[in-house]
file input09.txt (compact mmCIF, C-alpha atoms)
# COMPACT_ATOMS: atom_id res chain seq x y z
CA MET A 869 52.95 124.30 126.10
CA GLY A 870 54.56 120.85 125.73
CA ARG A 871 54.39 121.06 121.95
CA PHE A 872 56.05 124.49 122.05
CA LYS A 873 58.96 123.11 124.13
CA LYS A 874 59.40 120.16 121.78
CA GLY A 875 59.43 122.52 118.81
CA THR A 876 62.04 124.72 120.52
CA VAL A 877 64.30 121.76 121.35
CA LEU A 878 64.04 120.45 117.78
CA SER A 879 64.79 123.90 116.40
CA GLN A 880 67.88 124.24 118.62
CA PHE A 881 69.07 120.76 117.66
CA CYS A 882 68.78 121.59 113.95
CA HIS A 883 70.59 124.87 114.53
CA TYR A 884 73.55 123.23 116.29
CA LEU A 885 73.65 120.42 113.75
CA SER A 886 73.80 123.00 110.96
CA LEU A 887 76.68 124.79 112.70
CA PHE A 888 78.55 121.52 113.19
CA LEU A 889 78.16 120.54 109.53
CA LYS A 890 79.35 123.98 108.41
CA LYS A 891 82.46 123.70 110.59
CA LEU A 892 83.12 120.18 109.33
CA LEU A 893 82.74 121.34 105.72
CA ASN A 894 85.07 124.26 106.40
CA PHE A 895 87.64 121.91 107.95
CA VAL A 896 87.57 119.54 104.95
CA THR A 897 87.74 122.47 102.52
CA MET A 898 90.65 124.06 104.38
CA ARG A 899 92.48 120.73 104.54
CA ARG A 900 92.14 120.26 100.79
CA LEU A 901 93.19 123.86 100.15
CA LEU A 902 96.25 123.43 102.37
CA THR A 903 97.21 120.22 100.57
CA ARG A 904 96.86 121.99 97.23
CA ILE A 905 99.11 124.80 98.42
CA ILE A 906 101.73 122.27 99.60
CA ASN A 907 101.53 120.56 96.20
CA ARG A 908 102.21 123.88 94.48
CA VAL A 909 105.11 124.76 96.79
CA LEU A 910 106.82 121.36 96.43
CA LEU A 911 106.29 121.36 92.67
CA SER A 912 109.02 123.84 91.80
CA GLU A 913 107.74 124.31 88.24
CA PRO A 914 104.23 123.67 86.88
CA PHE A 915 103.59 120.52 84.89
CA THR A 916 103.67 120.77 81.10
CA SER A 917 103.28 117.81 78.73
CA ALA A 918 106.45 118.67 76.73
CA MET A 919 109.67 119.59 78.47
CA GLY A 920 113.01 120.55 76.97
CA PHE A 921 115.80 118.56 75.36
CA GLU A 922 115.63 115.48 77.56
CA ALA A 923 111.90 115.07 76.92
CA GLU A 924 112.47 115.30 73.16
CA ILE A 925 114.99 112.44 73.36
CA HIS A 926 112.65 110.25 75.38
CA THR A 927 109.60 110.80 73.19
CA GLN A 928 111.24 109.24 70.13
CA GLY A 929 109.48 106.01 71.17
CA ARG A 930 106.35 105.57 73.27
CA ARG A 931 107.06 105.91 76.96
CA ARG A 932 104.80 105.00 79.91
CA LEU A 933 105.04 105.90 83.57
CA VAL A 934 103.75 103.40 86.16
CA VAL A 935 103.38 104.73 89.70
CA GLY A 936 102.74 102.82 92.92
CA LEU A 937 101.03 105.30 95.25
CA GLY A 938 101.73 104.97 98.96
CA ASN A 939 103.57 106.26 102.00
CA PRO A 940 107.35 105.80 102.17
CA GLY A 941 108.38 103.41 104.93
CA MET A 942 104.87 101.93 105.13
CA GLU A 943 105.02 99.56 102.16
CA GLY A 944 103.27 96.71 104.00
CA THR A 945 100.09 98.66 104.77
CA ARG A 946 96.77 98.57 102.90
CA HIS A 947 97.13 102.21 101.85
CA SER A 948 100.45 101.40 100.16
CA VAL A 949 99.28 98.31 98.28
CA GLY A 950 100.05 100.21 95.07
CA MET A 951 103.73 100.01 95.97
CA ALA A 952 103.41 96.26 96.53
CA VAL A 953 101.93 95.81 93.05
CA LEU A 954 104.68 97.96 91.54
CA GLY A 955 107.30 95.84 93.31
CA ALA A 956 105.70 92.68 91.91
CA LEU A 957 105.80 94.22 88.43
CA ALA A 958 109.51 95.04 88.80
CA ALA A 959 110.17 91.46 89.93
CA ARG A 960 108.25 90.05 86.93
CA LEU A 961 110.33 92.23 84.59
CA GLY A 962 113.53 91.04 86.30
CA VAL A 963 114.56 94.56 87.35
CA ALA A 964 113.72 94.53 91.07
CA ASP A 965 117.37 95.22 91.96
CA ARG A 966 117.59 98.33 89.80
CA TRP A 967 115.76 100.89 91.94
CA ARG A 968 117.70 104.15 92.21
CA GLY A 969 116.90 107.33 94.06
CA ASP A 970 116.31 110.43 91.95
CA LYS A 971 116.11 113.71 93.84
CA HIS A 972 114.78 115.46 90.73
CA VAL A 973 111.55 113.45 90.93
CA SER A 974 111.43 113.03 94.73
CA GLY A 975 111.29 109.28 94.36
CA GLU A 976 112.90 106.04 93.24
CA VAL A 977 112.81 104.97 89.60
CA ILE A 978 113.54 102.05 87.28
CA VAL A 979 113.71 102.51 83.52
CA SER A 980 112.81 99.31 81.67
CA GLU A 981 111.10 98.11 78.51
CA VAL A 982 107.97 96.07 77.79
CA GLN A 983 107.65 94.88 74.17
CA GLN A 984 109.27 97.98 72.63
CA THR A 985 107.48 100.33 75.04
CA HIS A 986 109.81 102.27 77.32
CA VAL A 987 108.49 102.04 80.86
CA VAL A 988 109.45 104.14 83.88
CA LEU A 989 108.51 102.68 87.28
CA LEU A 990 108.15 105.26 90.05
CA ARG A 991 107.98 104.91 93.84
CA PRO A 992 107.31 108.38 95.31
CA ARG A 993 109.28 109.23 98.44
CA LEU A 994 106.73 111.80 99.57
CA LEU A 995 103.66 111.27 101.74
CA MET A 996 100.55 109.94 100.01
CA ASN A 997 98.73 113.27 100.14
CA VAL A 998 101.45 114.91 98.01
CA ASN A 999 102.42 111.92 95.82
CA GLY A 1000 101.31 113.99 92.84
CA VAL A 1001 104.38 116.20 93.16
CA SER A 1002 106.65 113.24 92.49
CA VAL A 1003 104.45 112.03 89.62
CA ALA A 1004 104.39 115.43 87.91
CA LYS A 1005 108.16 115.83 88.29
CA ALA A 1006 108.78 112.41 86.72
CA ALA A 1007 106.34 113.15 83.90
CA ASN A 1008 108.17 116.42 83.25
CA LYS A 1009 111.58 114.79 83.27
CA TYR A 1010 110.70 111.94 80.92
CA GLY A 1011 108.26 113.83 78.70
CA ILE A 1012 105.25 111.65 79.50
CA ARG A 1013 101.67 112.76 78.93
CA PRO A 1014 99.06 112.28 81.70
CA GLU A 1015 97.15 109.74 79.58
CA ASP A 1016 100.34 107.63 79.39
CA ILE A 1017 100.66 107.45 83.19
CA LEU A 1018 99.26 104.47 85.10
CA LEU A 1019 98.54 105.06 88.80
CA ILE A 1020 98.22 102.02 91.09
CA HIS A 1021 96.34 102.66 94.32
CA ASP A 1022 94.16 101.09 97.02
CA ASP A 1023 90.38 101.26 96.75
CA LEU A 1024 87.99 101.03 99.71
CA ASP A 1025 84.97 100.49 97.47
CA LYS A 1026 86.33 97.25 96.04
CA PRO A 1027 86.63 94.14 98.24
CA LEU A 1028 90.02 92.53 98.71
CA GLY A 1029 90.65 90.27 95.73
CA LYS A 1030 89.02 92.59 93.18
CA ILE A 1031 90.94 94.88 90.82
CA GLY A 1032 89.95 97.08 87.92
CA ILE A 1033 91.16 99.71 85.47
CA LYS A 1034 89.54 103.15 85.62
CA HIS A 1035 90.24 105.54 82.76
CA GLY A 1036 90.41 108.85 84.60
CA GLY A 1037 87.58 110.53 86.47
CA SER A 1038 86.96 111.48 90.08
CA ALA A 1039 89.49 110.66 92.80
CA ARG A 1040 86.57 109.23 94.85
CA GLY A 1041 88.07 110.55 98.07
CA HIS A 1042 91.57 109.15 97.52
CA ASN A 1043 94.03 111.88 98.56
CA GLY A 1044 96.95 110.46 96.55
CA VAL A 1045 94.90 110.40 93.35
CA ARG A 1046 93.58 113.90 94.09
CA SER A 1047 97.15 115.14 94.49
CA CYS A 1048 98.09 113.65 91.11
CA ALA A 1049 95.11 115.27 89.40
CA ASP A 1050 95.98 118.61 91.00
CA CYS A 1051 99.67 118.51 90.01
CA LEU A 1052 99.06 117.15 86.50
CA GLN A 1053 96.15 119.59 86.05
CA THR A 1054 93.92 116.82 84.73
CA ASP A 1055 92.01 113.77 85.99
CA ALA A 1056 92.45 111.89 82.70
CA THR A 1057 95.15 109.59 84.10
CA PRO A 1058 94.29 105.84 83.94
CA ARG A 1059 94.35 104.00 87.27
CA LEU A 1060 94.59 100.43 88.48
CA ARG A 1061 92.29 100.21 91.50
CA VAL A 1062 93.26 97.46 93.94
CA GLY A 1063 90.48 96.55 96.34
CA ILE A 1064 91.17 96.49 100.07
CA GLY A 1065 87.55 96.53 101.28
CA ARG A 1066 86.13 98.65 104.07
CA PRO A 1067 86.78 98.34 107.81
CA LYS A 1068 84.44 96.23 109.89
CA GLU A 1069 82.75 97.19 113.15
CA LYS A 1070 84.04 100.42 114.73
CA THR A 1071 87.51 100.65 113.18
CA SER A 1072 88.10 104.08 111.65
CA VAL A 1073 88.95 104.31 107.95
CA GLU A 1074 92.26 106.04 108.68
CA ARG A 1075 93.37 103.38 111.13
CA TYR A 1076 92.22 100.64 108.76
CA VAL A 1077 94.09 101.86 105.65
CA LEU A 1078 97.27 102.51 107.63
CA GLY A 1079 97.12 99.01 109.14
CA ARG A 1080 98.82 95.93 107.75
CA PHE A 1081 97.13 93.00 106.04
CA SER A 1082 96.23 90.06 108.27
CA SER A 1083 97.71 86.61 107.62
CA GLU A 1084 94.46 85.51 105.94
CA GLU A 1085 94.38 88.66 103.81
CA LYS A 1086 97.98 88.09 102.72
CA LYS A 1087 96.97 84.77 101.15
CA VAL A 1088 94.45 86.61 98.99
CA LEU A 1089 96.93 89.41 98.33
CA ASP A 1090 99.42 86.99 96.76
CA SER A 1091 96.98 86.15 93.96
CA VAL A 1092 95.96 89.81 93.67
CA LEU A 1093 99.56 90.78 92.96
CA VAL A 1094 99.81 88.19 90.18
CA GLN A 1095 96.52 89.28 88.60
CA SER A 1096 97.46 92.96 88.90
CA VAL A 1097 100.81 92.45 87.16
CA ASP A 1098 99.09 90.49 84.37
CA LEU A 1099 96.64 93.34 83.88
CA LEU A 1100 99.39 95.97 83.95
CA LEU A 1101 101.42 94.13 81.32
CA SER A 1102 98.37 93.91 79.07
CA GLN A 1103 97.94 97.67 79.44
CA LEU A 1104 101.62 98.39 78.76
CA SER A 1105 101.95 96.15 75.69
CA PRO A 1106 101.72 98.04 72.39
CA GLN A 1107 98.21 97.82 70.95
CA ASP A 1108 98.41 99.54 67.60
CA SER A 1109 94.98 98.24 66.73
CA GLN A 1110 93.24 100.22 69.51
CA GLY A 1111 92.43 103.01 67.13
CA ASP A 1112 91.34 100.64 64.34
CA PRO A 1113 87.54 100.27 64.38
CA GLN A 1114 87.89 96.87 62.66
CA SER A 1115 90.05 95.48 65.46
CA PRO A 1116 88.37 93.23 68.06
CA SER A 1117 90.45 94.98 70.76
CA SER A 1118 88.72 98.33 70.16
CA PRO A 1119 85.14 98.92 71.43
CA ALA A 1120 83.73 99.31 67.90
CA GLY A 1121 85.77 96.36 66.61
CA GLY A 1122 84.63 94.23 69.53
CA ARG A 1123 80.96 94.89 68.74
CA GLN A 1124 81.51 94.13 65.04
CA ALA A 1125 83.37 90.90 65.84
CA ALA A 1126 80.57 89.80 68.18
CA GLN A 1127 77.97 90.57 65.49
CA LYS A 1128 79.87 88.55 62.87
CA ARG A 1129 80.21 85.66 65.31
CA LYS A 1130 76.43 85.65 65.88
CA GLU A 1131 75.81 85.72 62.14
CA ARG A 1132 78.11 82.72 61.65
CA GLU A 1133 76.31 80.85 64.43
CA ARG A 1134 72.93 81.53 62.82
CA SER A 1135 74.13 80.39 59.39
CA ALA A 1136 75.66 77.16 60.73
CA SER A 1137 73.77 74.01 59.70
CA PRO A 1138 71.90 71.94 62.34
CA ALA A 1139 74.39 69.11 61.78
CA GLU A 1140 77.32 71.43 62.50
CA ASN A 1141 75.61 72.74 65.64
CA SER A 1142 74.93 69.24 66.97
CA ALA A 1143 78.52 68.20 66.22
CA ALA A 1144 79.83 71.23 68.07
CA ALA A 1145 77.57 70.45 71.03
CA ALA A 1146 78.80 66.86 71.10
CA ALA A 1147 82.41 68.03 71.03
CA GLN A 1148 81.80 70.32 73.99
CA SER A 1149 80.01 67.66 76.10
call {"tool": "encode", "arguments": {"input": "input09.txt", "output": "structure tokens"}}
result
Amino acid sequence: MGRFKKGTVLSQFCHYLSLFLKKLLNFVTMRRLLTRIINRVLLSEPFTSAMGFEAEIHTQGRRRLVVGLGNPGMEGTRHSVGMAVLGALAARLGVADRWRGDKHVSGEVIVSEVQQTHVVLLRPRLLMNVNGVSVAKAANKYGIRPEDILLIHDDLDKPLGKIGIKHGGSARGHNGVRSCADCLQTDATPRLRVGIGRPKEKTSVERYVLGRFSSEEKKVLDSVLVQSVDLLLSQLSPQDSQGDPQSPSSPAGGRQAAQKRKERERSASPAENSAAAAAQS
């Protein structure tokens, strides 16, 4: 009899747990569907990679779009660290005083140049969950392809102090990135992921990302901004040799260069090797 009661209780628990998970899944699905609908409504015309006369003018030279994802009015929060990096980039380029509002892209823009590459900086003035609307509008206006857009955003899976470039792929739960993929109709857009780490103890993720950096975190953030701008500039600089398999900057060229370097090291005489070791010591 006791075993029967235990089995019944366990069965009921599994049943209610299943119902709860179904409702939770439905809620998440409905929330994403609603966000997608809002994206479509706000995006007055669907994104296309080539747009009209203005786009033809702008595509005479290579043009890149750099976007700092975030929430307007909340620039100092962890979730809007992308905007902080974009601001640091504008300052490095000496154009930080040139932000101008553009209602056609639902954001603020600066048009600048980095080593013969035309660069458009964009700060969306829409909420994070619909940032993609602003990005797609700007890409339409300036005739920029999704693969020539660089998104800068916070990343919970990277600790504070770590950054990295991701060449497209899953949004990994980031609503701003998901909005961009939805509005651009592709997830091929490169992204600079800026680590903010995960909350400690019982702090919710939402409260954590919408919170501001502590004084200790700000000290780390200062160096992160410098490193991020350095990495962005290296990505924006023209690299004509990327498609050349003989170039060390391309994956194939890098492997070939490493192989040649090993061959040279093997062929070096013992005297040369000992001299090199002495010079390094």
call {"tool": "closest_residue", "arguments": {"input": "input09.txt", "among": "A:Arg1061, A:Arg931, A:Arg1080, A:Arg946", "to": "Glu981 of chain A", "atoms": "only C-alpha atoms"}}
result
A:Arg931
call {"tool": "closest_residue", "arguments": {"input": "input09.txt", "among": "A:Leu957, A:Val1073, A:Val1062, A:Leu1019", "to": "Gly1032 of chain A", "atoms": "only C-alpha atoms"}}
result
A:Val1062
call {"tool": "residues_near_point", "arguments": {"input": "input09.txt", "point": "(85.2, 112.4, 84.3)", "cutoff": "10 Å", "atoms": "only C-alpha atoms", "output": "ChimeraX atom specification"}}
result
/A:1035-1039,1054-1056
call {"tool": "residues_around", "arguments": {"input": "input09.txt", "residues": "segment 968-979 of chain A", "least_positions_apart": "6", "cutoff": "10 Å", "atoms": "only C-alpha atoms", "output": "list in words"}}
result
Leu910, Leu911, Arg931, Arg932, Leu933, Val934, Val935, Pro940, Ala958, His986, Val987, Val988, Leu989, Leu990, Arg991, Pro992, Arg993, Leu994, Asn999, Val1001, Ser1002, Val1003, Ala1004, Lys1005, Ala1006, Ala1007, Asn1008 and Lys1009 of chain A
call {"tool": "write_last_selection", "arguments": {"input": "input09.txt", "atoms": "C-alpha atoms", "output": "mmCIF file, keeping the file's coordinate frame"}}
result
data_model
loop_
_atom_site.group_PDB
_atom_site.id
_atom_site.type_symbol
_atom_site.label_atom_id
_atom_site.label_comp_id
_atom_site.auth_asym_id
_atom_site.auth_seq_id
_atom_site.Cartn_x
_atom_site.Cartn_y
_atom_site.Cartn_z
ATOM 1 C CA LEU A 910 106.820 121.360 96.430
ATOM 2 C CA LEU A 911 106.290 121.360 92.670
ATOM 3 C CA ARG A 931 107.060 105.910 76.960
ATOM 4 C CA ARG A 932 104.800 105.000 79.910
ATOM 5 C CA LEU A 933 105.040 105.900 83.570
ATOM 6 C CA VAL A 934 103.750 103.400 86.160
ATOM 7 C CA VAL A 935 103.380 104.730 89.700
ATOM 8 C CA PRO A 940 107.350 105.800 102.170
ATOM 9 C CA ALA A 958 109.510 95.040 88.800
ATOM 10 C CA HIS A 986 109.810 102.270 77.320
ATOM 11 C CA VAL A 987 108.490 102.040 80.860
ATOM 12 C CA VAL A 988 109.450 104.140 83.880
ATOM 13 C CA LEU A 989 108.510 102.680 87.280
ATOM 14 C CA LEU A 990 108.150 105.260 90.050
ATOM 15 C CA ARG A 991 107.980 104.910 93.840
ATOM 16 C CA PRO A 992 107.310 108.380 95.310
ATOM 17 C CA ARG A 993 109.280 109.230 98.440
ATOM 18 C CA LEU A 994 106.730 111.800 99.570
ATOM 19 C CA ASN A 999 102.420 111.920 95.820
ATOM 20 C CA VAL A 1001 104.380 116.200 93.160
ATOM 21 C CA SER A 1002 106.650 113.240 92.490
ATOM 22 C CA VAL A 1003 104.450 112.030 89.620
ATOM 23 C CA ALA A 1004 104.390 115.430 87.910
ATOM 24 C CA LYS A 1005 108.160 115.830 88.290
ATOM 25 C CA ALA A 1006 108.780 112.410 86.720
ATOM 26 C CA ALA A 1007 106.340 113.150 83.900
ATOM 27 C CA ASN A 1008 108.170 116.420 83.250
ATOM 28 C CA LYS A 1009 111.580 114.790 83.270
#
call {"tool": "residues_around", "arguments": {"input": "input09.txt", "residues": "Leu1099 of chain A", "least_positions_apart": "2", "cutoff": "12 Å", "atoms": "only C-alpha atoms", "output": "ChimeraX atom specification"}}
result
/A:953,957,1018,1020,1031-1033,1059-1062,1092-1097,1101-1105
call {"tool": "axis_aligned_box", "arguments": {"input": "input09.txt", "around": "segment 985-989 of chain A", "padding_each_side": "8 Å", "output": "JSON"}}
result
{"center_x": 108.6, "center_y": 102.2, "center_z": 81.2, "size_x": 18.3, "size_y": 19.8, "size_z": 28.2}
call {"tool": "closest_residue", "arguments": {"input": "input09.txt", "among": "A:Val982, A:Val963, A:Cys1048, A:Met996", "to": "Met951 of chain A", "atoms": "all atoms listed in the file"}}
result
A:Met996
call {"tool": "residues_around", "arguments": {"input": "input09.txt", "residues": "Asn1043 of chain A", "least_positions_apart": "3", "cutoff": "7 Å", "atoms": "only C-alpha atoms", "output": "number ranges by chain"}}
result
A: 996-997, 1046-1047
call {"tool": "atom_distance", "arguments": {"input": "input09.txt", "atom1": "atom CA of Arg1040 of chain A", "atom2": "atom CA of Glu1084 of chain A"}}
result
27.3 Å
call {"tool": "residues_around", "arguments": {"input": "input09.txt", "residues": "Tyr1076 of chain A", "least_positions_apart": "5", "cutoff": "12 Å", "atoms": "only C-alpha atoms", "output": "PyMOL selection string"}}
result
chain A and resi 945-948+1022+1024+1064-1071+1081-1082
call {"tool": "atom_distance", "arguments": {"input": "input09.txt", "atom1": "atom CA of Ala1049 of chain A", "atom2": "atom CA of Pro1014 of chain A"}}
result
9.2 Å
call {"tool": "atom_distance", "arguments": {"input": "input09.txt", "atom1": "atom CA of Asp1016 of chain A", "atom2": "atom CA of Gly944 of chain A"}}
result
27.1 Å
